[in-house]
Structures are given as C-alpha cells and as structure tokens.
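**Q** My questions will all concern the structure given below.
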Amino acid sequence: MATQTQKPVAGPDAASGAVPAPAPGRTRRLGRALRPGPAPGANGAALYRRWWLPWLWTLPAIVCAAAFGVFPFLNTVVLSFTDAKPLGGAANFVGLSNYTRMLGDDDFWLATRNSLLYAVIVVPLMVLLPLLLAVLVEKRLPGIGFFRSAFYTPVIASSVVVGLSWQWLLKDEGLVNTWLEKAHLIRDAIPFLSDPWLILLSAMGLTLWKGLGWYMIFYLAALGNVPRDLHEAAAMDGAGPVRRFWHVTVPGVRQTMLLVGVLTGIGSLRVFTEIYMLGSPTGGPGGQARTLPFYIRDVGLDPLSGNAGYGAAVSVALFVLTLGLTLLAQRLTKGDEE
Amino acid sequence: MRARRLTGSLTCLVVLSLTAAGCGLSGGGGSGDGEATAGSCKVDAGNVGSGKLTGDVKGGITFQTTNLKKDFGGFFKGVIDAFEKKYPGTSVKWIDDPGDAKFSERNVANAQACDLPDVINLNKVTATALTKAGYLLDLDKKDPGAGKPFVPAFWDSSTLKDSKGSDIHSVLPWYTGGVNLTYNTEMLEKAGIDPKKPPTTIFGLFEDYEKIAKSAKGKYYATMANPIWRIPADWQQMDIKVYSDDGKSFVFADDPRTTEWVAWMKRLYQGGAMPKDSLSSSDDPSTPYSNGQVAYGSTNPSFVRFVKQNSPSVYDRTGVGQYPFDKLGHTSGAPQYIGVASTSENAATALAFAKFLTNAENQTAWCKDPNVVIFPTTTASLEDPFFTEVTGDDPFGEARKVVAEQLKTATADEVVLSDPQRNAIVAEVQLAMQGKKSPEDAVKDAQEKADELLKQGS
Amino acid sequence: MTTSTPTATDTATATETTAAPRPARRRFRWRDYGRPRELVVRYLLLLFVLAITVGPLLWQFLTSLKSTTEDVFGTNATLLPQHPTLRAYEQVFDQVPVATYIWNSLIVVALSLTSQLLFSTMAGYMLSKPAWRGVKGVWLLLIASMMFPFESIMVSLFLSVRDLGLVDSLAGVWLPGFVGAINVLVMRAAFLAVPREIEDSAMLDGAGEWQRFRYLYLPSALGSMSVVAINTFIAAWDDFLWPLIVLRSEENLTLTLGLARLQTSSFGYDQRVVMAGSVISLVPVLVLFVITQRWFYKGVSSGAVKF
C-alpha cells in the first residue's frame, strides 16, 4: 500500500490529555485500543493539507468509472444523433429525429411503464425483506451457518437452472397452481406465464427471490455496526421486538438501506433476464411485458434489422431516467434526515 | 444551486457529444478516397471489388465453429492437420464459440473491431447481416468456380443480398439437418391418425392437432402454442410471399391464407390443442414431449437423440414422418454455412481452408457420424451409399430416411427474418391467439411493425 | 420483529472473537441460545425461508444424480433418483476440460479480488469523508457509471480492450471492472456507519488519520470487506457475456463459458449432465460462502475494536 505516506503523524503536542474528554466509558477504552499505533498526532483541523490525497485514494475508482463507463457511454450519446448500424459502416447525422421517434412510439412508453412499475414495486420490498431476513439469521444459533449459506444459493444458481425451476413452479400444471387447487383456493389455473401482468409480477418475484440472499449479506455486515448497548437500553425501557426493530435496527442500518434502495432501483430499471426467462423471447404475449432493456435489444442491437442510433437514444433515455430518479430519491431521503 | 450546476454539466455533456458527433462523422464519412473498406474497416484492396483473389496459401488463419468441439473435436482436429499437411507453411487456429444464444453479439463486436475470424461457421441470419454490411468475401468475383462441388439446387438458392441489394454468393453451404415430424405414436393412434401417413399440408397437420385435442380430453396436448418456430417456416411452406420482390417491404398480410393460418392457430389454442402456458414462455417441446404431455416433438431430426437420452420409455413410442411439403412442394432446409471474412489479412489461405472443409471428402466423413442426423451438401457426398441407402428401422434410422428423401428436392432459400422482426410478428399472432385481437388486425399490425424494423435497419 | 433479546451468550460470542483469552469451551446447552418459545419460532421461520429459497433448486440437483436408465421428465420420473450415480459428473469432466476452465476462472477471480478490495476500500473511505472538494462529483460519477446499460457500451468497451491488446486474455476480462462502483458504495456505507462520536474521541485521544483508518475504520469495515469479496468472487465467476466477447482460445475459457457448451448443442444434450455442470460451478462459491459467512456479521461491536 502506497498509502503509508498520507498520515499526518506526530504533530508536536496534540495533547490528548489536555482536552477535557466528554468520555462516556467506551470512548476511553477506544482510545486505549488506538494507542498501539504510532505516537498520538495531528487532529482533524489538519485534515488534507495535501489536497491531492483524497484524489489519490479515489483515483483508481475514478479511472475505472471514467474509462470503462463514462467514455464508452459518451460514444453512445454521440451515436444517438446518428442512424448508425450495429455492424458499422457509414452513418449520417440525423439530429434529434431518433428522440422524436422515441417519444412517439407506443412500444417505448409501454416499456417505460413496465420498467417504472418494476422499480416501484421491487425497491421497497427489496429494501425491507432482506433486512428482516438478516435480522433472522443474525443471531448465532446452532446450524445458522447452514441456513445463511442455503439462503444464499439462489444468488449463485446458474440462470439455466433458475429459469427451468421457475417455469416448473409457475406452469399451469406447476407446483404453485397444483397446491392452490388442492387447497381449493382456485378452480382454474392462474396463468402466471401467459398473462403480461402476471409475467411481470412473477418476474418481480424472481428478482426478489434472487436478491434476498444477495442483500441479506449487505445487511448482515451493517447489523454488526449497530451498537448492542442501544438494543439493551431499548429493551430495558420495555420496547418489544417490533419497536426495537423500527427504532434501533432501522436507524442503525440506514446507510445500507439507502444503498440497497439505490442499487435495486438501478437494477429494476434495467431488468431483462427475469422477463426473458419467463416470457421469452417476445417479452410475454404481444410483447406486453417488455422492459426498456428489452426494447433496446429489439430496436438497437440486432445485426440485421437493428438501428444502433435509435437504440443509443433509448439507452440515453434509460440513463437519464435512472439518474433522475436516483437523485430525486437522494433528495427526498436527505430532507427526511434533516 | 446544485440544480443549476447539474443543468450546467448536462448542457456541457450534450454540447460536447454533439461536437464529437460532428467530428466523428466527418472523419468516418470520407471513405470515398479509393481506400477499400468493409463495414468501417480498412481492408486489403484485393479482398473487395472485382478480380479473382490472388496470393499464396500460407500463414496463419483462425477458424470459428459454433459449439462443435464437445461432440466433434476429433474430427476437426483431423481436418486441420490434413490441411496444414497439404499446404505446408499454413496454420489454422480453431476457435469454438461456446454459446448459441449470444452468438450475434459476439460477431457484432468482432466485426466492429475489424477482427472477425478468417473462416466462420454461420447460420443464415448472421450470414445475411454480415453480407449486407460487406464483411464477407464475394465469391462470385473472388472465386467464380467455388460452387461447382455443391448440389446445384442448394448452390443456386444460397445467395444473399449485398449492400446494394444484389444477390451474391458470399458463403459456401456446409452440412444440413433437414426437418421432420416426430410424434408419439400411441397418442396419434388413439386419435385415429395413422402414424405411417403423415399429412401433406400445414392445415392437414393442424387438423391432426385438433383430432388429438379431442381424444386427449385435456390430459395432454398436441403441440406447443408459441408460434415462434412456425414463423416464417409454415408460411414459406404454404408458398405465401413474405417479402416484396425488391425486398424492401413485407407483403405476407396481403395473402388471405396468412389470416387463415392465424385463425387456425387461435382455434387450436383455444380448443385445447396447445398448453395455455406455452404461448410465450417456451417454444421448446423437448421437455413436455419427453414428459408425455404433448404428442408432437421438435422438428429437428437430432431431437430423437435427446428423447433417447432423457426419456428411454417415451423413445419406444416415438415415430418419425415426412414434414408436409404443402404448396411449395419441397422443403427449404437451412444448411449451415462457411464464410470467409473480407477483413482477413490472409484471405487466400482462408478461402482455401473454407473449400477444403466443405469439400466432398470431408463432408462425407463428418456426416457419417452415427450420433447425429446431418447431411452433406456436395453432389459427390450425396451419392455415397451411406446416404442413398439408409437402413435401420429405429426412430433414428427413420429420421435419416426421411431427410435423405427430402434432400433430393430441397433448396436453401429459407426466408430470413431478423430476430426482432420475427418477435414483432409472433407477438401480434399471440394476441390473436388469446382473442385480444382479430386475426385480420393482428396480421395487419404484424406487417406494419415488421416493416418499421425493416426500414430502420436499412 | 424477530430481534432477539440479548442474552449472556451474545456477549460471550462477541468476546470470543477478540484478542481476549478464550473462555473455556462449555458444554452445549439449548437454553444458552434463548427461551424455548423464541427458539421454536426462529427455527420455524428459518425452515420456511429455506423451503422458499432452496426448494425450487432441489429438483435440479437430484436430476444430476440420476442414471441413464431413469426418466428425467414425465410421469415415470421420480423425484429421488432410483439409482443415484455420479456418472453425469464424470461425463462433464470427460466432455470438457473442467480443470483448465476452473484455473482460468480462479485467475480472473484473484485479479478482481485484489483490485476490488484494495481500491474500493480506499475510494469508499475517502467518499465517506465530506471534508474535501469534489467528493460530490466523484460520488455522482460512480453512481452514473453503474447506470449505463451494458449492452449499449459493450462494443466501445471491446474496442478499448482491443486497442490495449488484451483480446483473448484473462486480463482483458478483468480490466473493465477492476474496481466496481457498487463495491465502492458498499465500503462507503460501511465507513459512514462508524459513529462520529467515536472518531471524534479518537481524535481527541490524538489518533492521526492513518491511525484512525487503520485501527478504527478498517476493523469495523471487515464485514463489508467480506461482502465485497464474495460479491467480487461471484461476479467474476458467473460473468458470461463479457468473457464470451473477449475470449477465444480454448485454453483461455472461463468455467461459465466452458460449461455453456454442455447445454447449447443443437445436437441434443443430456439434462443430467447440464445439471451436473451447474452443480460443479456452484460448489466452489458455496464453499467460499460457508467459510466467510461468519465474517459478514462483524462490525464495530465485534471487530478488533470493542467497547
């Protein structure tokens, strides 16, 4: 690590003792824990006198995002003003016509609606359910390692296996319908795989199923940071499990919840595989369960009939939509905090 | 304030990219200065334009197949060794693309990077796209005699359109699989259908489906609902014209039989001949056929092998019959093709290898593999007794006989739709089958949507 | 909802991981883990979730153990294999060079793990500090870089990788995602979760920034680092489309690509072998998870720093 240079060690007399420590017991102990390091040194005021330090630390991430994200995407933005073809060759500048075509295309709006709907339904559930699951497996119990690992398998199962399994569950004669019929809850099979709305809902179920384990570990890591004594204090005050969940756990993992919200939001707007698995390859009957990435694939990527320029315009729209919603969500949660 | 900064940077971004767009276009647009190009790639001038291909058969080339290594690794190693021995100083690097599903993405990326393999195994759709963009060698100009070894019906019909819309030969036909009907004889007999006498028209086949539905009483079905593999194959078999003569628009909706076909599909779907849930989720009858849930299996002759491997008990009841020729009078099997990239730096060697691979001797040797039903496309190979006197009366042998029979008249002029075009048409037919649209409207809308895709891509 | 009442054991486990001398191993007693009623409810819930998550996958696994004489599908097919056999697994190894594929995948994984852990920790830490100009901009850049639909930038990416001369190399597979924005954000969230007062008092105690990073932040982010590690592992292990585009030679293929061979052949395939292939690719990740899962739940309260 080249980072050794950065520490502003050993200020002249930073005088830890001189400051009247407000010191609730644990911070004093923390101080002791920190002491094995080099001599006590400079404090926050001297932070980043070397202005380039933060940039140095973030440089690899910036380079990666810029070179392998922003730069190729700028290319896409350029393409969106042309009539380029997926296989290259001469392209003409066509101004905004790709964008005007997009705004007048019913299929584009249908795909946008589906993508938005996906986000609206999936995001809140995906923020909450894995948290509940993490709370359930947080405690060390005999066999808990087995349960944690088992809950994680959907994340790593190959998509072929997942596709087959879910079709097997959701078919008209599949497991779900059979059970519901046996329980006399339904008389005719629920058309999970042939109704566009139900395909969308089933795909959301699939997304949640795959995401549960994935985000569970995010929360597990975060729960480790919720100070245990807060739980103890709350319990002492007579708060039940539900109240403690909302008043101690949730605020404690707030940052992670925001992160999961942003990630699942981005993911939902880009969902493709799940719809493809359940309604392939048209995107449900009549293509009515198509999402934006599905639409991009249909109009932009095909080597024979695709129009890379138009596909790029839709990609730009998807990007703007995603960024806009993320910033909006950011602002909303900020306001909530203050 | 933050909002203002954001708007500011967005404006910057747009201006920047517009400028870049202008630059990029002026840079790329000036290809009229005599330099040879294919797609956006500069190529060796000898590879395009008129005049035979010249150059020594020497140096290294790459050769790409699509997932053949697992089953036929030994065969291809042998062919490559033989070629390198015949032409000292050459070396062939074999790449085997592992995935079918993303095949086109990979080729698009390679083509854009001017880095296509020198010799490529292609299906008709990809070959069509690459030819249109100029990525494949024009064999009519570069090697006028290339078609000689092939069955004339196949060679004459395997032309593709170049960027100007004229028909050229840019690929060599390779092996072909053929089509057939595979069915559960027990279910057919129960419905009063003689498994030995397969129907000769598409609508005749539909009538059989209906009979099965009646006798099955909901316990099993005739076939899968998703119309995706029937479009445009069924229409072509019925001799419905799909494209206009100049290839610039679709005309299938003008034929009343298209609507009739859709109406039949709707009747079959709603009459219980097809599982309701198979409308869009799956077009693959492999699993349900092996399950004994549908009477008709896949039309790929090698499907019989899948049944044998996965459901020994259903295999015993499996029968094979000729695919209905209908009004077309023959099948238009889609052979696999071999193309030579015009971006190749070693085109002479690449072309030599392509011809070596598809020559009679190598085609015969490969197609004799006992585990598959594939047939050669050269005249000499098809005269081999192995293909003229097919023996064996198990379903596997039957499938071979059926395909050998149809290849006597088959052509290679399979109608090509791009995936999105086909999806757009299929989507409308699905709506009709569900009763959400009348067959007339569905066919009309399908043509409109497919036309839009055709226009945006040209 | 199911938050446990803290018990004596909780504290016991917390101490277990510290440098403090381990308490002598006690005899196992159920009541150490909570009240009986609570335990029953917990395990019932765990079993319920288990059925939902693993249930659908079980059938596939059992298929891989079936022998050739058994039906995989249909009314004759049974859930449990009648003559369980590992033949399908042998076939996978016969048909494709699994060891080479696994080795290649591991190289990509090793490269990714190193770069991701190092760089995402560094960037995540700095992004959690609001004290420098440009922090908002970098955050926005990273967030934005996650939003580009991959298919729309794929071709440009490939052109860059070609210009770097990395086509058909494992480095080309690794490079475009050598530090993922998502991991940076995970680390940022972990660092943000460290209570400010702890840092303040550490500062008052005279700890410099490097010390605070090393002895306060890093230990409390161990859990998140293991999350980054497992995420990275899976992303590198499972990726299909990008390696497919970059790699060509047989000797360079990764496991996912190599196993795709088993199921896409148009000449028929054996369902049992396909399933066996899936199981083979799943096992290493699962093993890694079993080993690392105890680390996820590690933070300020149970890391090297305790209070």
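Numbering starts fresh at 1 for the residues of each chain in the structure tokens, the chains themselves are lettered A, B, ... in the order given, and ligands are numbered from 1 as they appear.
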Quick one: residues within 12 Å of C:Ala171, only C-alpha atoms counted, chain neighbours fewer than 6 positions away excluded, as a PyMOL selection string?
**A** chain C and resi 104-105+107-112+161-162+164-165+177-178+236+243+246-247+252
**Q** Need to verify the contact set: C:Lys129, 9 Å, only C-alpha atoms, exclusion of same-chain residues closer than 6 positions in sequence. Can you return it as a list in words?
**A**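 Here the answer would be Val135, Arg188, Phe191 and Leu192 of chain C.
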**Q** Using only C-alpha atoms, find the residues of chain B whose closest atom to chain A is at most 8 Å away, then write them as a count of residues only.
**A** 46
**Q** Restrict the distance test to only C-alpha atoms, flag each residue of chain B within 8 Å of chain C, and return the flagged residues as a ChimeraX atom specification.
**A** /B:67-68,70,94-102,105-106,108-110,112-113,287-288,290-293,302-303,305-306,309-313,372
**Q** How many Å separate atom CA of B:Asp384 from atom CA of B:Tyr315?
**A**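 Computed distance, atom CA of B:Asp384 to atom CA of B:Tyr315, equals 29.0 Å.
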